[in-house]
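Q: Here it is, the structure, as structure tokens.
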Amino acid sequence: MSRIVVTGGAGRLGRSLVAGLAAVGHEIVSLDRAVSQAVELDGIEQVAVDLTDAEAASRAVAATRADALVHLAAIAVPFSAPEDVILRTNAALALNTVGAAVAAGIPRIVTASSPTVLGYGAPAGWLPDRFPLDEDTAPRPWNAYALSKLLAEQTIAMFARQTGEATRFAAFRPCYVIAPEEWAGAPTQQGHTVRERLADPALSAPALFNYVDARDVASFVDTLLEALPHIPNAEVFFVGADDALAREPLADLLPRFVPGSGDLAAGLTGTAPAFSNAKARRVLGWSPAHTWRTALDQTDATAVDPERKDVLA
């Protein structure tokens, strides 16, 4: 097992990630702006640090004496702050933390990116060359958040060119993250419940109906860290569910929300998602374990029988 430092470990995805990595035996250090009292972080070493301060980041990362670093810390919601603040903050966080990890000699470094780098939802219009979207789809960010995530990917590529094979890097683009408590009715990142997003396709359409269970992100990161020494350096992976967060086929839904996408979406039959996780399957042998159908069925079972506390494990 490894000693892993996770930046942003007290955040929404971070809590599920550190809990999942700790559950399989890794020793975890969470670096975030403040120490959290969240139950998911019980037993996790936490350090409060401003990672936008390059010197503070360097000291904190070096002090962890970690075998691997996973960088999540960021302003995580587009337009939740002024555009210049989002770009400046997220770019500095990526550069400072990844640079600190390289300087500390940490051999495995992973950064979180975002599907938004592809540019869907652009006000001037957007169409890809094909569906499903994958790692070969050209990035076309149209806002500061998406651009900052593309910069995070480019940051690890930059350091890989500096270090060669001595340090192993990767980036991952997690789809719309749904945490375990959100299956049970807690609001998702956009303020709606999962059931509300399923009932009204317009709520999930801005994300092209993508999603991933937070526990699957943890299993992906665990698999990725193990594989890093054996795969090409600085690879990028989509991390998503095997289906779409929708009750209708995307071949019917996407043309309603993405003008001109009818022919492109026609091949997305049944429950097929708009984002492919095929590369993660092929390169890493990883596949998601959770879908919205089983997750909601399990929460319904818990509502009927409150003693069934194992159903979201």
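Residue numbers start at 1 in each chain; chains themselves are named A, B, ... in the order of the structure tokens; ligands are numbered from 1 in the order shown.
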With 12 Å as the cut-off and only C-alpha atoms counted, what is the closest atom pair between each nearby residue of stretch 178-216 of chain A and stretch 95-117 of chain A? Distances in Å to one decimal, ordered by chain and number, as JSON lines.
A:
```
{"residue": "A:Pro206", "atom": "CA", "partner": "A:Thr116", "partner_atom": "CA", "distance": 10.1}
{"residue": "A:Ala207", "atom": "CA", "partner": "A:Thr116", "partner_atom": "CA", "distance": 8.1}
{"residue": "A:Leu208", "atom": "CA", "partner": "A:Pro115", "partner_atom": "CA", "distance": 10.0}
{"residue": "A:Phe209", "atom": "CA", "partner": "A:Pro115", "partner_atom": "CA", "distance": 11.6}
{"residue": "A:Asn210", "atom": "CA", "partner": "A:Pro115", "partner_atom": "CA", "distance": 9.1}
{"residue": "A:Tyr211", "atom": "CA", "partner": "A:Pro115", "partner_atom": "CA", "distance": 10.4}
{"residue": "A:Val212", "atom": "CA", "partner": "A:Pro115", "partner_atom": "CA", "distance": 11.7}
```
Q: Only N, CA and C atoms, please: the residues just picked out, written as a tab-separated table (two decimals), in the first residue's frame.
A:
```tsv
chain	number	residue	atom	x	y	z
A	206	PRO	N	-27.11	20.21	-19.77
A	206	PRO	CA	-25.89	21.00	-19.89
A	206	PRO	C	-24.61	20.19	-19.74
A	207	ALA	N	-24.68	19.06	-19.03
A	207	ALA	CA	-23.53	18.16	-18.87
A	207	ALA	C	-23.60	16.98	-19.84
A	208	LEU	N	-24.50	17.06	-20.82
A	208	LEU	CA	-24.69	15.97	-21.79
A	208	LEU	C	-25.01	14.65	-21.11
A	209	PHE	N	-25.69	14.76	-19.93
A	209	PHE	CA	-26.21	13.59	-19.23
A	209	PHE	C	-25.09	12.69	-18.69
A	210	ASN	N	-23.90	13.25	-18.49
A	210	ASN	CA	-22.82	12.41	-17.96
A	210	ASN	C	-22.88	12.36	-16.44
A	211	TYR	N	-22.33	11.30	-15.86
A	211	TYR	CA	-22.23	11.18	-14.41
A	211	TYR	C	-21.26	10.06	-14.07
A	212	VAL	N	-20.83	10.05	-12.80
A	212	VAL	CA	-20.04	8.95	-12.26
A	212	VAL	C	-20.24	8.93	-10.75
```
Q: Got a sec: who's within 12 Å of A:Gly191, counting only C-alpha atoms, leaving out chain neighbours fewer than 4 positions off, as a PDB file with C-alpha atoms, in the first residue's frame?
A:
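Saved as around-v9.pdb:
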```
ATOM      1  CA  VAL A  77     -17.852  25.081 -10.278  1.00  0.00           C
ATOM      2  CA  ILE A 178     -22.608  11.863  -7.502  1.00  0.00           C
ATOM      3  CA  GLU A 182     -26.831  12.171  -3.056  1.00  0.00           C
ATOM      4  CA  GLY A 185     -31.713  12.522  -1.750  1.00  0.00           C
ATOM      5  CA  ALA A 186     -29.084  15.085  -0.759  1.00  0.00           C
ATOM      6  CA  PRO A 187     -28.720  17.884  -3.343  1.00  0.00           C
ATOM      7  CA  ARG A 195     -34.360  12.119  -9.114  1.00  0.00           C
ATOM      8  CA  GLU A 196     -35.067  15.705 -10.169  1.00  0.00           C
ATOM      9  CA  ARG A 197     -32.283  15.534 -12.760  1.00  0.00           C
ATOM     10  CA  LEU A 203     -31.274  19.728 -15.764  1.00  0.00           C
ATOM     11  CA  SER A 204     -28.758  17.125 -16.971  1.00  0.00           C
TER      12      SER A 204
END
```
Q: To test your reading of the structure, identify every residue in stretch 98-127 of chain A that backbone DSSP assigns to alpha helix (DSSP H), and report it as a CSV table (one decimal) with N, CA and C atoms, in the first residue's frame.
A:
```csv
chain,number,residue,atom,x,y,z
A,98,VAL,N,1.8,20.3,-8.3
A,98,VAL,CA,2.5,19.4,-9.1
A,98,VAL,C,4.0,19.7,-9.1
A,99,GLY,N,4.3,21.0,-9.2
A,99,GLY,CA,5.7,21.3,-9.1
A,99,GLY,C,6.3,20.9,-7.7
A,100,ALA,N,5.6,21.1,-6.7
A,100,ALA,CA,6.1,20.7,-5.3
A,100,ALA,C,6.3,19.2,-5.2
A,101,ALA,N,5.4,18.4,-5.9
A,101,ALA,CA,5.5,17.0,-5.8
A,101,ALA,C,6.7,16.5,-6.6
A,102,VAL,N,7.0,17.2,-7.8
A,102,VAL,CA,8.2,16.8,-8.5
A,102,VAL,C,9.4,17.2,-7.7
A,103,ALA,N,9.5,18.4,-7.1
A,103,ALA,CA,10.6,18.8,-6.3
A,103,ALA,C,10.9,17.9,-5.1
```
Q: Please measure the separation of atom CA of A:Leu69 and atom CA of A:Ser148, giving the value in Å to one decimal.
A: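 It comes out at 19.0 Å.
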Q: Select from stretch 111-240 of chain A everything DSSP, run on the backbone, classes as strand (DSSP E), then give the selection as an NGL selection string.
A: :A and (111-112 or 168-174 or 177-178 or 212-213 or 235-239)
Q: With N, CA and C atoms retained, export the selected residues as a short mmCIF file (atom, residue, chain, number, x, y, z; two decimals), in the first residue's frame.
A:
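part-v7.cif, written as the output of this step:
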```
data_model
loop_
_atom_site.label_atom_id
_atom_site.label_comp_id
_atom_site.auth_asym_id
_atom_site.auth_seq_id
_atom_site.Cartn_x
_atom_site.Cartn_y
_atom_site.Cartn_z
N THR A 111 -3.51 14.40 -11.69
CA THR A 111 -4.31 15.61 -11.52
C THR A 111 -5.72 15.39 -12.07
N ALA A 112 -6.68 16.00 -11.39
CA ALA A 112 -8.06 15.95 -11.87
C ALA A 112 -8.28 17.04 -12.91
N ARG A 168 6.09 9.66 -13.02
CA ARG A 168 4.95 9.19 -13.81
C ARG A 168 3.73 10.05 -13.53
N PHE A 169 3.09 10.51 -14.59
CA PHE A 169 1.96 11.44 -14.48
C PHE A 169 0.73 10.87 -15.19
N ALA A 170 -0.43 11.39 -14.80
CA ALA A 170 -1.67 11.13 -15.54
C ALA A 170 -2.69 12.18 -15.14
N ALA A 171 -3.68 12.38 -15.98
CA ALA A 171 -4.82 13.25 -15.68
C ALA A 171 -6.10 12.47 -15.91
N PHE A 172 -7.12 12.79 -15.13
CA PHE A 172 -8.42 12.13 -15.35
C PHE A 172 -9.53 13.18 -15.34
N ARG A 173 -10.53 12.91 -16.16
CA ARG A 173 -11.68 13.80 -16.32
C ARG A 173 -12.91 13.10 -15.75
N PRO A 174 -13.21 13.32 -14.47
CA PRO A 174 -14.39 12.67 -13.90
C PRO A 174 -15.67 13.33 -14.40
N VAL A 177 -20.00 14.16 -10.77
CA VAL A 177 -19.81 13.28 -9.63
C VAL A 177 -21.05 13.25 -8.75
N ILE A 178 -21.49 12.05 -8.43
CA ILE A 178 -22.61 11.86 -7.50
C ILE A 178 -22.09 11.08 -6.30
N VAL A 212 -20.83 10.05 -12.80
CA VAL A 212 -20.04 8.95 -12.26
C VAL A 212 -20.24 8.93 -10.75
N ASP A 213 -20.31 7.74 -10.20
CA ASP A 213 -20.40 7.58 -8.76
C ASP A 213 -19.04 7.91 -8.14
N GLU A 235 -0.80 10.28 -19.62
CA GLU A 235 -2.04 9.94 -20.30
C GLU A 235 -3.23 10.67 -19.65
N VAL A 236 -4.31 10.82 -20.42
CA VAL A 236 -5.54 11.45 -19.95
C VAL A 236 -6.67 10.43 -20.10
N PHE A 237 -7.54 10.35 -19.08
CA PHE A 237 -8.63 9.37 -19.09
C PHE A 237 -9.96 10.03 -18.72
N PHE A 238 -11.02 9.65 -19.43
CA PHE A 238 -12.37 9.95 -18.97
C PHE A 238 -12.76 8.90 -17.94
N VAL A 239 -13.47 9.35 -16.90
CA VAL A 239 -13.96 8.44 -15.86
C VAL A 239 -15.46 8.67 -15.75
#
```
Q: Have a look at A:Asp242, A:Glu45, A:Glu40, A:Ala265 and name the one nearest to A:His290; count only C-alpha atoms.
A: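 Residue with the minimum atom-to-atom distance to A:His290: A:Asp242.
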Q: Figure out the distance between atom CA of A:Ala68 and atom CA of A:Asp32, please, to one decimal in Å.
A: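 Value for the atom CA of A:Asp32-atom CA of A:Ala68 distance: 16.4 Å.
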Q: When you draw a straight line from atom CA of A:Val217 to atom CA of A:Glu83, how long is it in Å?
A: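 Value for the atom CA of A:Val217-atom CA of A:Glu83 distance: 27.3 Å.
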Q: Would you mind telling me which residue in A:Ser287, A:Val70, A:Pro273, A:Ala234 lies nearest to A:Gln162 when using only C-alpha atoms?
A: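 Using only C-alpha atoms, A:Gln162 sits closest to A:Ala234.
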Q: Counting only C-alpha atoms, figure out which residue out of A:Ala251, A:Met158, A:Arg293, A:Asp263 gets nearest to A:Leu198.
A: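 Looking at the shortest contact to A:Leu198, the residue is A:Arg293.
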Q: Taking 2 positions as the minimum chain separation for residues in the same chain, which residues sit within 8 Å of A:Ala74 when counting only C-alpha atoms? Answer as a list of chain:residue names.
A: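 Contacts, in chain order: A:Gly8, A:Leu72, A:Ala76, A:Thr89, A:Asn90, A:Leu93.
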Q: Convert the current residue selection to file output with C-alpha atoms, as a short mmCIF file (atom, residue, chain, number, x, y, z; two decimals), in the first residue's frame.
A:
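Final file, again.cif:
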```cif
data_model
loop_
_atom_site.label_atom_id
_atom_site.label_comp_id
_atom_site.auth_asym_id
_atom_site.auth_seq_id
_atom_site.Cartn_x
_atom_site.Cartn_y
_atom_site.Cartn_z
CA GLY A 8 -8.60 19.19 -1.86
CA LEU A 72 -8.07 17.80 -6.73
CA ALA A 76 -14.80 23.42 -8.72
CA THR A 89 -6.50 30.19 -8.73
CA ASN A 90 -6.82 26.87 -10.52
CA LEU A 93 -2.96 25.34 -7.64
#
```
Q: So which residues touch A:Leu254 within 10 Å, counting only C-alpha atoms, skipping near sequence neighbours fewer than 2 positions away, as a list in words?
A: Pro201, Ala205, Leu208, Phe209, Pro249, Leu250, Ala251, Asp252, Arg256, Phe257, Val258, Pro259, Gly260, Ser261, Gly262, Leu264, Ala265, Ala266, Leu268 and Ala274 of chain A
Q: List every residue of stretch 34-115 of chain A that has an atom at most 10 Å from any atom of stretch 10-23 of chain A, and for each one report the closest atom pair and its distance in Å to one decimal, counting only C-alpha atoms, with rows sorted by chain and then by increasing residue number, as a Markdown table.
A:
```
| residue | atom | partner | partner_atom | distance |
| --- | --- | --- | --- | --- |
| A:Ala34 | CA | A:Ala10 | CA | 7.9 |
| A:Val35 | CA | A:Ala10 | CA | 7.2 |
| A:Ser36 | CA | A:Ala10 | CA | 5.9 |
| A:Gln37 | CA | A:Ala10 | CA | 8.8 |
| A:Ala38 | CA | A:Ala10 | CA | 7.8 |
| A:Val39 | CA | A:Arg15 | CA | 8.9 |
| A:Glu40 | CA | A:Ala19 | CA | 5.8 |
| A:Leu41 | CA | A:Arg15 | CA | 6.5 |
| A:Asp42 | CA | A:Ala19 | CA | 8.7 |
| A:Gly43 | CA | A:Ala22 | CA | 9.0 |
| A:Ile44 | CA | A:Val18 | CA | 7.9 |
| A:Gln46 | CA | A:Ala10 | CA | 8.5 |
| A:Ala48 | CA | A:Ala10 | CA | 9.9 |
| A:Val70 | CA | A:Gly14 | CA | 9.7 |
| A:His71 | CA | A:Gly14 | CA | 9.5 |
| A:Leu72 | CA | A:Gly14 | CA | 6.9 |
| A:Ala73 | CA | A:Gly11 | CA | 7.8 |
| A:Ala74 | CA | A:Gly11 | CA | 9.3 |
| A:Ala76 | CA | A:Gly11 | CA | 9.3 |
```
Q: Could you save the residues just selected, with N, CA and C atoms, as an mmCIF file, in the first residue's frame?
A:
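The resulting selection17.cif:
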```
data_model
loop_
_atom_site.group_PDB
_atom_site.id
_atom_site.type_symbol
_atom_site.label_atom_id
_atom_site.label_comp_id
_atom_site.auth_asym_id
_atom_site.auth_seq_id
_atom_site.Cartn_x
_atom_site.Cartn_y
_atom_site.Cartn_z
ATOM 1 N N ALA A 34 -8.671 24.183 4.928
ATOM 2 C CA ALA A 34 -9.032 24.058 6.335
ATOM 3 C C ALA A 34 -9.222 22.586 6.667
ATOM 4 N N VAL A 35 -9.058 22.251 7.916
ATOM 5 C CA VAL A 35 -9.323 20.897 8.394
ATOM 6 C C VAL A 35 -10.827 20.697 8.465
ATOM 7 N N SER A 36 -11.302 19.555 8.002
ATOM 8 C CA SER A 36 -12.741 19.267 7.977
ATOM 9 C C SER A 36 -13.103 18.281 9.079
ATOM 10 N N GLN A 37 -14.318 18.438 9.596
ATOM 11 C CA GLN A 37 -14.840 17.501 10.596
ATOM 12 C C GLN A 37 -15.743 16.442 9.956
ATOM 13 N N ALA A 38 -15.757 16.366 8.639
ATOM 14 C CA ALA A 38 -16.625 15.405 7.952
ATOM 15 C C ALA A 38 -16.296 13.985 8.388
ATOM 16 N N VAL A 39 -17.321 13.178 8.556
ATOM 17 C CA VAL A 39 -17.133 11.807 9.048
ATOM 18 C C VAL A 39 -16.271 10.991 8.099
ATOM 19 N N GLU A 40 -16.317 11.318 6.783
ATOM 20 C CA GLU A 40 -15.523 10.566 5.815
ATOM 21 C C GLU A 40 -14.030 10.723 6.055
ATOM 22 N N LEU A 41 -13.651 11.749 6.816
ATOM 23 C CA LEU A 41 -12.238 12.021 7.039
ATOM 24 C C LEU A 41 -11.746 11.561 8.400
ATOM 25 N N ASP A 42 -12.570 10.800 9.121
ATOM 26 C CA ASP A 42 -12.136 10.240 10.396
ATOM 27 C C ASP A 42 -10.912 9.356 10.170
ATOM 28 N N GLY A 43 -9.871 9.605 10.941
ATOM 29 C CA GLY A 43 -8.667 8.799 10.824
ATOM 30 C C GLY A 43 -7.730 9.222 9.723
ATOM 31 N N ILE A 44 -8.115 10.234 8.936
ATOM 32 C CA ILE A 44 -7.264 10.727 7.854
ATOM 33 C C ILE A 44 -6.411 11.882 8.378
ATOM 34 N N GLN A 46 -4.925 15.296 8.266
ATOM 35 C CA GLN A 46 -5.311 16.501 7.547
ATOM 36 C C GLN A 46 -4.360 17.650 7.869
ATOM 37 N N ALA A 48 -3.975 21.854 7.081
ATOM 38 C CA ALA A 48 -4.544 23.079 6.519
ATOM 39 C C ALA A 48 -3.416 23.895 5.895
ATOM 40 N N VAL A 70 -2.345 13.080 -5.551
ATOM 41 C CA VAL A 70 -3.539 13.250 -6.378
ATOM 42 C C VAL A 70 -4.025 14.679 -6.160
ATOM 43 N N HIS A 71 -4.039 15.461 -7.226
ATOM 44 C CA HIS A 71 -4.389 16.882 -7.116
ATOM 45 C C HIS A 71 -5.845 17.112 -7.510
ATOM 46 N N LEU A 72 -6.660 17.460 -6.505
ATOM 47 C CA LEU A 72 -8.072 17.795 -6.731
ATOM 48 C C LEU A 72 -8.379 19.257 -6.447
ATOM 49 N N ALA A 73 -7.571 19.905 -5.627
ATOM 50 C CA ALA A 73 -7.908 21.239 -5.131
ATOM 51 C C ALA A 73 -8.146 22.220 -6.280
ATOM 52 N N ALA A 74 -9.289 22.890 -6.229
ATOM 53 C CA ALA A 74 -9.641 23.844 -7.287
ATOM 54 C C ALA A 74 -10.934 24.547 -6.919
ATOM 55 N N ALA A 76 -14.294 24.603 -8.022
ATOM 56 C CA ALA A 76 -14.799 23.418 -8.722
ATOM 57 C C ALA A 76 -16.041 23.647 -9.568
#
```
